[in-house]
file query.cif (mmCIF, C-alpha atoms and all ligand atoms)
data_my_file
#
loop_
_atom_site.label_atom_id
_atom_site.label_comp_id
_atom_site.auth_asym_id
_atom_site.auth_seq_id
_atom_site.Cartn_x
_atom_site.Cartn_y
_atom_site.Cartn_z
CA MET A 20 123.31 104.13 88.75
CA LEU A 21 122.43 107.82 88.86
CA SER A 22 121.88 109.54 92.23
CA SER A 23 118.32 110.39 93.37
CA GLN A 24 119.05 114.12 93.00
CA THR A 25 120.29 113.67 89.42
CA VAL A 26 117.24 111.54 88.66
CA ASN A 27 114.90 114.21 90.11
CA ASP A 28 116.55 117.01 88.15
CA HIS A 29 116.53 114.90 85.01
CA TYR A 30 112.82 114.07 85.13
CA LYS A 31 111.79 117.58 86.10
CA GLN A 32 113.53 118.89 83.00
CA ILE A 33 112.35 116.09 80.73
CA SER A 34 108.70 116.33 81.82
CA GLU A 35 108.65 119.83 80.33
CA GLN A 36 109.69 118.41 76.96
CA TYR A 37 107.64 115.21 76.55
CA ASP A 38 105.94 116.50 73.42
CA THR A 39 109.24 116.94 71.62
CA PHE A 40 109.85 113.20 71.89
CA PRO A 41 106.64 112.05 70.21
CA LEU A 42 107.47 108.43 69.73
CA VAL A 43 109.96 107.12 72.26
CA SER A 44 108.44 108.83 75.28
CA GLY A 45 105.42 110.49 73.71
CA ILE A 46 101.77 109.71 74.13
CA GLN A 47 101.64 106.89 71.56
CA SER A 48 104.31 104.95 73.40
CA HIS A 49 102.35 105.35 76.66
CA ILE A 50 99.19 104.13 74.90
CA ASN A 51 101.02 101.07 73.54
CA ARG A 52 102.61 100.20 76.87
CA LEU A 53 99.35 100.63 78.79
CA GLU A 54 97.47 98.41 76.29
CA THR A 55 100.18 95.77 76.62
CA ILE A 56 100.04 95.83 80.42
CA GLU A 57 96.23 95.78 80.37
CA GLU A 58 96.34 92.65 78.20
CA LEU A 59 99.14 90.88 80.09
CA LEU A 60 97.72 91.51 83.57
CA GLN A 61 94.11 91.21 82.33
CA LEU A 62 93.21 94.42 84.09
CA ASP A 63 89.54 95.08 84.68
CA PRO A 64 88.68 98.77 85.12
CA ASN A 65 85.47 97.86 86.95
CA THR A 66 87.10 95.80 89.67
CA ASP A 67 90.82 96.58 89.78
CA LEU A 68 92.33 99.38 91.83
CA VAL A 69 95.66 100.05 90.09
CA VAL A 70 98.84 101.64 91.47
CA ASP A 71 101.39 103.16 89.09
CA LEU A 72 104.66 103.39 91.03
CA GLY A 73 107.13 105.92 89.63
CA ALA A 74 104.27 107.41 87.63
CA GLY A 75 106.12 110.56 86.59
CA THR A 76 103.70 112.94 84.91
CA SER A 77 100.97 110.30 85.31
CA GLU A 78 100.35 109.75 81.61
CA MET A 79 99.23 106.15 82.27
CA GLY A 80 96.67 107.23 84.85
CA LYS A 81 95.28 109.97 82.61
CA LEU A 82 94.97 107.54 79.68
CA TRP A 83 93.30 104.87 81.84
CA LYS A 84 90.73 107.26 83.25
CA THR A 85 90.07 108.81 79.84
CA LYS A 86 89.47 105.37 78.38
CA TYR A 87 87.47 104.16 81.39
CA PRO A 88 85.88 107.19 83.12
CA HIS A 89 84.14 104.98 85.67
CA ALA A 90 87.16 102.84 86.46
CA ARG A 91 88.17 102.20 90.04
CA PRO A 92 90.90 104.55 91.37
CA PHE A 93 94.24 104.69 89.61
CA LEU A 94 96.83 105.77 92.18
CA CYS A 95 99.85 107.57 90.72
CA VAL A 96 102.80 107.42 93.12
CA ASP A 97 106.00 109.38 92.62
CA PRO A 98 108.32 111.41 94.89
CA SER A 99 109.04 113.96 92.17
CA PRO A 100 107.48 117.46 92.03
CA MET A 101 106.52 116.73 88.42
CA LEU A 102 103.68 114.51 89.73
CA PRO A 103 100.53 116.55 88.93
CA LEU A 104 98.84 117.05 92.30
CA ASN A 105 95.78 118.83 90.90
CA GLU A 106 95.01 116.51 87.99
CA PRO A 107 91.31 115.55 88.36
CA LEU A 108 91.65 112.29 86.41
CA ILE A 109 94.05 110.59 88.78
CA GLU A 110 94.72 110.08 92.47
CA PRO A 111 98.26 111.35 93.05
CA ILE A 112 100.35 110.27 96.03
CA GLN A 113 103.64 112.10 96.39
CA ALA A 114 105.82 109.44 98.01
CA SER A 115 108.87 107.34 97.34
CA SER A 116 108.54 103.59 96.84
CA ALA A 117 109.94 103.01 100.35
CA ASP A 118 107.37 105.37 101.91
CA PHE A 119 104.52 103.87 99.91
CA ALA A 120 105.53 100.31 100.83
CA VAL A 121 104.88 100.95 104.54
CA ARG A 122 101.35 102.30 103.95
CA ASN A 123 99.35 99.46 105.44
CA ASP A 124 96.12 101.40 104.92
CA ILE A 125 96.31 100.96 101.14
CA HIS A 126 95.47 97.74 99.33
CA PHE A 127 95.23 97.31 95.60
CA ASP A 128 94.69 94.74 92.84
CA ALA A 129 97.50 95.62 90.47
CA MET A 130 100.76 97.54 90.57
CA ILE A 131 102.71 98.70 87.54
CA LEU A 132 106.27 100.03 87.44
CA VAL A 133 106.96 101.45 84.00
CA GLN A 134 110.56 102.49 83.34
CA SER A 135 110.95 103.30 87.01
CA VAL A 136 112.44 100.17 88.62
CA HIS A 137 116.05 101.25 87.97
CA ASN A 138 115.43 104.53 89.81
CA ILE A 139 113.57 102.74 92.59
CA ALA A 140 116.37 100.18 93.01
CA ALA A 141 118.96 102.99 93.18
CA ALA A 142 117.04 104.61 96.05
CA CYS A 143 116.16 101.37 97.84
CA PRO A 144 118.95 98.77 97.96
CA ASP A 145 116.81 95.82 99.11
CA LEU A 146 114.49 95.28 96.16
CA GLN A 147 113.37 91.87 97.41
CA GLU A 148 112.14 93.34 100.69
CA LEU A 149 110.33 96.08 98.77
CA PHE A 150 108.61 93.61 96.43
CA THR A 151 107.65 91.48 99.46
CA LYS A 152 105.90 94.51 100.98
CA PHE A 153 104.06 95.18 97.71
CA ARG A 154 102.98 91.53 97.59
CA THR A 155 101.50 91.97 101.06
CA GLN A 156 99.68 95.15 99.99
CA LEU A 157 98.23 93.40 96.94
CA ARG A 158 94.80 91.82 97.41
CA ALA A 159 94.19 88.13 96.66
CA ARG A 160 94.77 87.46 92.95
CA GLY A 161 96.78 90.68 92.77
CA ARG A 162 99.43 91.14 90.11
CA LEU A 163 102.42 93.32 89.44
CA CYS A 164 104.18 94.28 86.22
CA VAL A 165 107.66 95.76 85.80
CA ALA A 166 108.23 97.22 82.32
CA ILE A 167 111.85 97.84 81.38
CA ARG A 168 114.06 98.16 78.34
CA PRO A 169 116.77 95.49 77.89
CA LEU A 170 120.28 96.17 79.22
CA ASP A 171 121.60 95.76 75.70
CA SER A 172 120.49 98.90 73.86
CA SER A 173 121.98 97.90 70.49
CA ASN A 174 118.48 98.08 68.95
CA LEU A 175 118.49 101.85 69.64
CA PRO A 176 120.47 104.26 67.42
CA LEU A 177 122.66 105.62 70.21
CA PHE A 178 126.39 106.42 70.15
CA ARG A 179 128.90 104.02 71.69
CA ALA A 180 129.43 105.87 75.00
CA ALA A 181 125.65 106.17 75.46
CA HIS A 182 125.21 102.41 75.00
CA GLU A 183 127.72 101.96 77.84
CA THR A 184 125.97 104.35 80.27
CA PHE A 185 122.59 102.87 79.26
CA ALA A 186 123.73 99.42 80.44
CA LYS A 187 125.09 100.89 83.70
CA ASP A 188 121.81 102.71 84.37
CA SER A 189 119.66 99.60 83.78
CA LEU A 190 118.83 96.35 85.57
CA PRO A 191 118.88 92.89 83.97
CA VAL A 192 115.38 91.55 83.41
CA GLU A 193 116.41 88.16 84.83
CA LEU A 194 117.33 89.88 88.10
CA ILE A 195 113.86 91.42 88.35
CA GLN A 196 112.28 88.03 87.66
CA LYS A 197 114.45 86.28 90.26
CA THR A 198 113.79 88.99 92.86
CA LEU A 199 110.03 88.74 92.36
CA ILE A 200 110.17 84.95 92.77
CA GLU A 201 112.23 85.35 95.96
CA ALA A 202 109.71 87.93 97.18
CA GLY A 203 107.11 85.14 97.12
CA PHE A 204 105.17 85.76 93.92
CA ARG A 205 103.56 82.54 92.75
CA ARG A 206 104.08 82.91 89.01
CA VAL A 207 106.51 85.27 87.27
CA GLU A 208 106.74 85.53 83.48
CA ILE A 209 108.69 87.71 81.08
CA LYS A 210 107.00 88.88 77.87
CA SER A 211 108.71 91.12 75.33
CA ARG A 212 107.26 93.55 72.81
CA ALA A 213 108.89 95.68 70.14
CA MET A 214 107.45 99.00 68.99
CA PRO A 215 108.62 100.08 65.52
CA HIS A 216 109.82 103.66 65.07
CA ASP A 217 110.58 105.64 61.94
CA LEU A 218 111.28 109.30 62.62
CA PRO A 219 113.30 112.18 61.17
CA LYS A 220 116.91 112.18 62.28
CA SER A 221 116.58 115.79 63.43
CA LEU A 222 113.87 114.80 65.91
CA TRP A 223 115.96 111.92 67.24
CA TYR A 224 118.94 114.23 67.76
CA LYS A 225 116.68 116.74 69.51
CA ALA A 226 115.59 113.96 71.86
CA ILE A 227 119.22 112.96 72.51
CA ARG A 228 120.17 116.61 73.18
CA GLY A 229 117.17 116.82 75.53
CA ARG A 230 118.52 113.69 77.30
CA PHE A 231 115.27 111.77 77.01
CA PHE A 232 116.88 108.63 78.49
CA SER A 233 118.15 109.24 82.02
CA ASN A 234 121.58 107.75 81.21
CA LEU A 235 122.15 110.65 78.79
CA SER A 236 122.30 112.96 81.82
CA ALA A 237 125.69 111.40 82.53
CA HIS A 238 127.05 112.98 79.31
CA SER A 239 128.26 116.56 78.93
CA ASP A 240 127.05 118.75 76.05
CA GLU A 241 130.40 118.14 74.32
CA GLU A 242 130.02 114.36 74.65
CA ILE A 243 126.47 114.54 73.28
CA GLU A 244 127.65 116.55 70.25
CA ALA A 245 130.56 114.16 69.69
CA GLY A 246 128.08 111.27 69.93
CA ILE A 247 125.74 112.81 67.37
CA HIS A 248 128.75 113.37 65.09
CA GLU A 249 129.62 109.68 65.54
CA LEU A 250 126.08 108.70 64.47
CA GLU A 251 126.21 111.09 61.50
CA GLN A 252 129.46 109.57 60.30
CA GLY A 253 128.32 106.02 61.04
CA ILE A 254 124.90 104.36 61.15
CA ASN A 255 122.95 107.48 60.15
CA LYS A 256 125.19 108.54 57.29
CA GLY A 257 123.15 109.39 54.19
CA ARG A 258 119.83 108.72 55.93
CA ASP A 259 116.99 111.18 56.60
CA ASN A 260 115.25 108.99 59.16
CA VAL A 261 116.17 106.70 62.00
CA VAL A 262 114.34 103.37 61.83
CA PHE A 263 114.47 101.06 64.84
CA GLU A 264 112.45 99.00 67.28
CA ASP A 265 112.00 100.08 70.88
CA ILE A 266 112.04 96.81 72.84
CA PHE A 267 110.41 96.45 76.24
CA HIS A 268 110.39 93.51 78.63
CA TYR A 269 107.30 93.09 80.82
CA VAL A 270 107.96 91.06 83.94
CA CYS A 271 104.51 89.99 85.15
CA ALA A 272 104.05 88.51 88.62
CA TRP A 273 100.96 86.95 90.20
CA LYS A 274 100.45 86.86 93.98
C1 LIG A 301 111.59 107.12 83.48
S1 LIG A 301 110.51 107.89 84.65
C2 LIG A 301 109.10 106.95 84.25
C3 LIG A 301 107.85 107.73 84.43
C4 LIG A 301 106.59 107.00 83.96
N1 LIG A 301 106.41 105.72 84.61
C5 LIG A 301 106.61 106.83 82.46
O1 LIG A 301 106.69 105.72 81.95
O2 LIG A 301 106.54 107.87 81.79
C6 LIG A 301 111.01 107.22 86.23
C7 LIG A 301 110.20 107.76 87.40
O3 LIG A 301 110.65 107.11 88.61
C8 LIG A 301 110.52 108.06 89.65
N2 LIG A 301 111.30 107.67 90.83
C9 LIG A 301 112.59 107.93 91.09
N3 LIG A 301 112.92 107.47 92.30
C10 LIG A 301 111.81 106.89 92.82
C11 LIG A 301 111.50 106.22 94.05
N4 LIG A 301 112.42 106.07 95.00
N5 LIG A 301 110.24 105.79 94.23
C12 LIG A 301 109.29 105.94 93.28
N6 LIG A 301 109.53 106.55 92.10
C13 LIG A 301 110.76 107.03 91.87
C14 LIG A 301 111.01 109.34 89.00
O4 LIG A 301 110.62 110.50 89.73
C15 LIG A 301 110.36 109.25 87.63
O5 LIG A 301 109.11 109.85 87.61
#
call {"tool": "encode", "arguments": {"input": "query.cif", "output": "structure tokens"}}
result
Amino acid sequence: MLSSQTVNDHYKQISEQYDTFPLVSGIQSHINRLETIEELLQLDPNTDLVVDLGAGTSEMGKLWKTKYPHARPFLCVDPSPMLPLNEPLIEPIQASSADFAVRNDIHFDAMILVQSVHNIAAACPDLQELFTKFRTQLRARGRLCVAIRPLDSSNLPLFRAAHETFAKDSLPVELIQKTLIEAGFRRVEIKSRAMPHDLPKSLWYKAIRGRFFSNLSAHSDEEIEAGIHELEQGINKGRDNVVFEDIFHYVCAWK
């Protein structure tokens, strides 16, 4: 797992480049993931106060409030300075998961953790205790969703060394499910969705060089170039585009 400082530096840098990664971390992927979570958790903008933990640049919150201007508050929680504190569409809370979990003045109907649970687990070793606190903060009929990519990244056109660091930087979905059950959630289900991608190779390499997945921060510039060379000589040889599916698991838990 990467250290909190490395994670902070990584996301600060990457947040300045979101638009260069239009599919994998761009706006369309946020729209797709938010629609999936809305459907799976049956979110109701009129009644549900939602917390996005590890919200990053708060894309989810901005999309939600743009789609539903009169929705109940959407709290975007993140310890990073990239959290937009003056964004009128959202309610930002600059806090770590551990700090947020002890806020007994805040209660909510749904909590989402999108691509953030691996960072949260690295900073907070007792994930079960953390989920138990969130369960307590959730109102009756509250629900929580953890969205993560699978440990096995073989669906993604990455080089061999990057597949290895990807697995080290991730958490198994079964572990998240088990931890949520042990934290007392009544029903915990895993749903998976695949988002098809077809994009120019040059854009994909730009994203790799920009280290759009946090595990890529573990690789030096030389390793990244060697990895791109490996892709050029291997799976991408003779191709103009990379075509793949970005798979996400959604672990949904009901209080
Ligand atoms: C991959 S980003 C995901 C951002 C956003 N959810 C998205 O899908 O674009 C992971 C986020 O987790 C945040 N994070 C790291 N450590 C955290 C912690 N201890 N508590 C809460 N969030 C944390 C990072 O600052 C970063 O914004």
call {"tool": "residues_around", "arguments": {"input": "query.cif", "residues": "Val136 in chain A", "least_positions_apart": "5", "cutoff": "12 Å", "atoms": "all atoms listed in the file", "output": "PyMOL selection string"}}
result
chain A and resi 20+71-74+97+115-116+131+141-144+146+149-150+164-168+188-192+194-195+269-270
call {"tool": "atom_distance", "arguments": {"input": "query.cif", "atom1": "CA of Gln47 in chain A", "atom2": "CA of Thr184 in chain A"}}
result
26.0 Å
call {"tool": "residues_around", "arguments": {"input": "query.cif", "residues": "Thr55 in chain A", "least_positions_apart": "2", "cutoff": "10 Å", "atoms": "all atoms listed in the file", "output": "VMD selection string"}}
result
chain A and resid 49 to 53 57 to 61 166 210 to 212 269
call {"tool": "axis_aligned_box", "arguments": {"input": "query.cif", "around": "ligand LIG 301 (chain A)", "padding_each_side": "4 Å", "output": "AutoDock Vina command-line options"}}
result
--center_x 109.7 --center_y 108.1 --center_z 88.4 --size_x 14.5 --size_y 12.8 --size_z 21.2
call {"tool": "closest_residue", "arguments": {"input": "query.cif", "among": "A:Ser221, A:Ser48, A:Asn255, A:Ser173", "to": "Gln134 in chain A", "atoms": "all atoms listed in the file"}}
result
A:Ser48
call {"tool": "atom_distance", "arguments": {"input": "query.cif", "atom1": "CA of Asn260 in chain A", "atom2": "CA of His182 in chain A"}}
result
19.8 Å
call {"tool": "closest_residue", "arguments": {"input": "query.cif", "among": "A:Arg230, A:His126, A:Lys225, A:Arg154", "to": "ligand LIG 301 (chain A)", "atoms": "only C-alpha atoms and all ligand atoms"}}
result
A:Arg230
call {"tool": "closest_residue", "arguments": {"input": "query.cif", "among": "A:Phe178, A:Trp83, A:Phe93, A:Phe232", "to": "Val69 in chain A", "atoms": "all atoms listed in the file"}}
result
A:Phe93
call {"tool": "closest_atom_pairs", "arguments": {"input": "query.cif", "of": "range 151-230 of chain A", "to": "range 242-246 of chain A", "cutoff": "10 Å", "atoms": "all atoms listed in the file", "output": "JSON lines"}}
result
{"residue": "A:Leu177", "atom": "CA", "partner": "A:Gly246", "partner_atom": "CA", "distance": 7.8}
{"residue": "A:Phe178", "atom": "CA", "partner": "A:Gly246", "partner_atom": "CA", "distance": 5.1}
{"residue": "A:Arg179", "atom": "CA", "partner": "A:Gly246", "partner_atom": "CA", "distance": 7.5}
{"residue": "A:Ala180", "atom": "CA", "partner": "A:Gly246", "partner_atom": "CA", "distance": 7.5}
{"residue": "A:Ala181", "atom": "CA", "partner": "A:Gly246", "partner_atom": "CA", "distance": 7.9}
{"residue": "A:Tyr224", "atom": "CA", "partner": "A:Ile243", "partner_atom": "CA", "distance": 9.3}
{"residue": "A:Ile227", "atom": "CA", "partner": "A:Ile243", "partner_atom": "CA", "distance": 7.5}
{"residue": "A:Arg228", "atom": "CA", "partner": "A:Ile243", "partner_atom": "CA", "distance": 6.6}
{"residue": "A:Gly229", "atom": "CA", "partner": "A:Ile243", "partner_atom": "CA", "distance": 9.8}
{"residue": "A:Arg230", "atom": "CA", "partner": "A:Ile243", "partner_atom": "CA", "distance": 8.9}
call {"tool": "build_atoms", "arguments": {"input": "query.cif", "residues": "range 42-65 of chain A", "atoms": "N, CA and C atoms", "output": "short mmCIF file (atom, residue, chain, number, x, y, z; two decimals), keeping the file's coordinate frame"}}
result
data_model
loop_
_atom_site.label_atom_id
_atom_site.label_comp_id
_atom_site.auth_asym_id
_atom_site.auth_seq_id
_atom_site.Cartn_x
_atom_site.Cartn_y
_atom_site.Cartn_z
N LEU A 42 107.61 109.87 69.82
CA LEU A 42 107.47 108.43 69.73
C LEU A 42 108.03 107.71 70.94
N VAL A 43 109.31 107.95 71.24
CA VAL A 43 109.96 107.12 72.26
C VAL A 43 109.38 107.37 73.64
N SER A 44 109.06 108.62 73.97
CA SER A 44 108.44 108.83 75.28
C SER A 44 107.13 109.59 75.14
N GLY A 45 106.65 109.74 73.93
CA GLY A 45 105.42 110.49 73.71
C GLY A 45 104.18 109.67 74.00
N ILE A 46 103.04 110.29 73.70
CA ILE A 46 101.77 109.71 74.13
C ILE A 46 101.51 108.34 73.49
N GLN A 47 101.91 108.18 72.22
CA GLN A 47 101.64 106.89 71.56
C GLN A 47 102.37 105.74 72.26
N SER A 48 103.57 106.02 72.72
CA SER A 48 104.31 104.95 73.40
C SER A 48 103.64 104.62 74.74
N HIS A 49 103.09 105.63 75.41
CA HIS A 49 102.35 105.35 76.66
C HIS A 49 101.10 104.52 76.36
N ILE A 50 100.41 104.88 75.27
CA ILE A 50 99.19 104.13 74.90
C ILE A 50 99.56 102.66 74.64
N ASN A 51 100.61 102.46 73.86
CA ASN A 51 101.02 101.07 73.54
C ASN A 51 101.39 100.29 74.80
N ARG A 52 102.16 100.92 75.67
CA ARG A 52 102.61 100.20 76.87
C ARG A 52 101.42 99.91 77.79
N LEU A 53 100.51 100.86 77.92
CA LEU A 53 99.35 100.63 78.79
C LEU A 53 98.47 99.49 78.22
N GLU A 54 98.28 99.50 76.89
CA GLU A 54 97.47 98.41 76.29
C GLU A 54 98.14 97.06 76.51
N THR A 55 99.46 97.03 76.40
CA THR A 55 100.18 95.77 76.62
C THR A 55 100.00 95.30 78.06
N ILE A 56 100.16 96.21 79.01
CA ILE A 56 100.04 95.83 80.42
C ILE A 56 98.60 95.40 80.73
N GLU A 57 97.65 96.12 80.15
CA GLU A 57 96.23 95.78 80.37
C GLU A 57 95.96 94.34 79.91
N GLU A 58 96.53 94.01 78.75
CA GLU A 58 96.34 92.65 78.20
C GLU A 58 97.08 91.61 79.05
N LEU A 59 98.33 91.89 79.38
CA LEU A 59 99.14 90.88 80.09
C LEU A 59 98.62 90.63 81.51
N LEU A 60 98.20 91.68 82.19
CA LEU A 60 97.72 91.51 83.57
C LEU A 60 96.21 91.27 83.61
N GLN A 61 95.57 91.34 82.43
CA GLN A 61 94.11 91.21 82.33
C GLN A 61 93.42 92.15 83.32
N LEU A 62 93.77 93.42 83.18
CA LEU A 62 93.21 94.42 84.09
C LEU A 62 91.74 94.63 83.78
N ASP A 63 90.96 94.81 84.84
CA ASP A 63 89.54 95.08 84.68
C ASP A 63 89.25 96.43 85.34
N PRO A 64 88.89 97.44 84.54
CA PRO A 64 88.68 98.77 85.12
C PRO A 64 87.55 98.82 86.14
N ASN A 65 86.62 97.84 86.04
CA ASN A 65 85.47 97.86 86.95
C ASN A 65 85.80 97.31 88.33
#
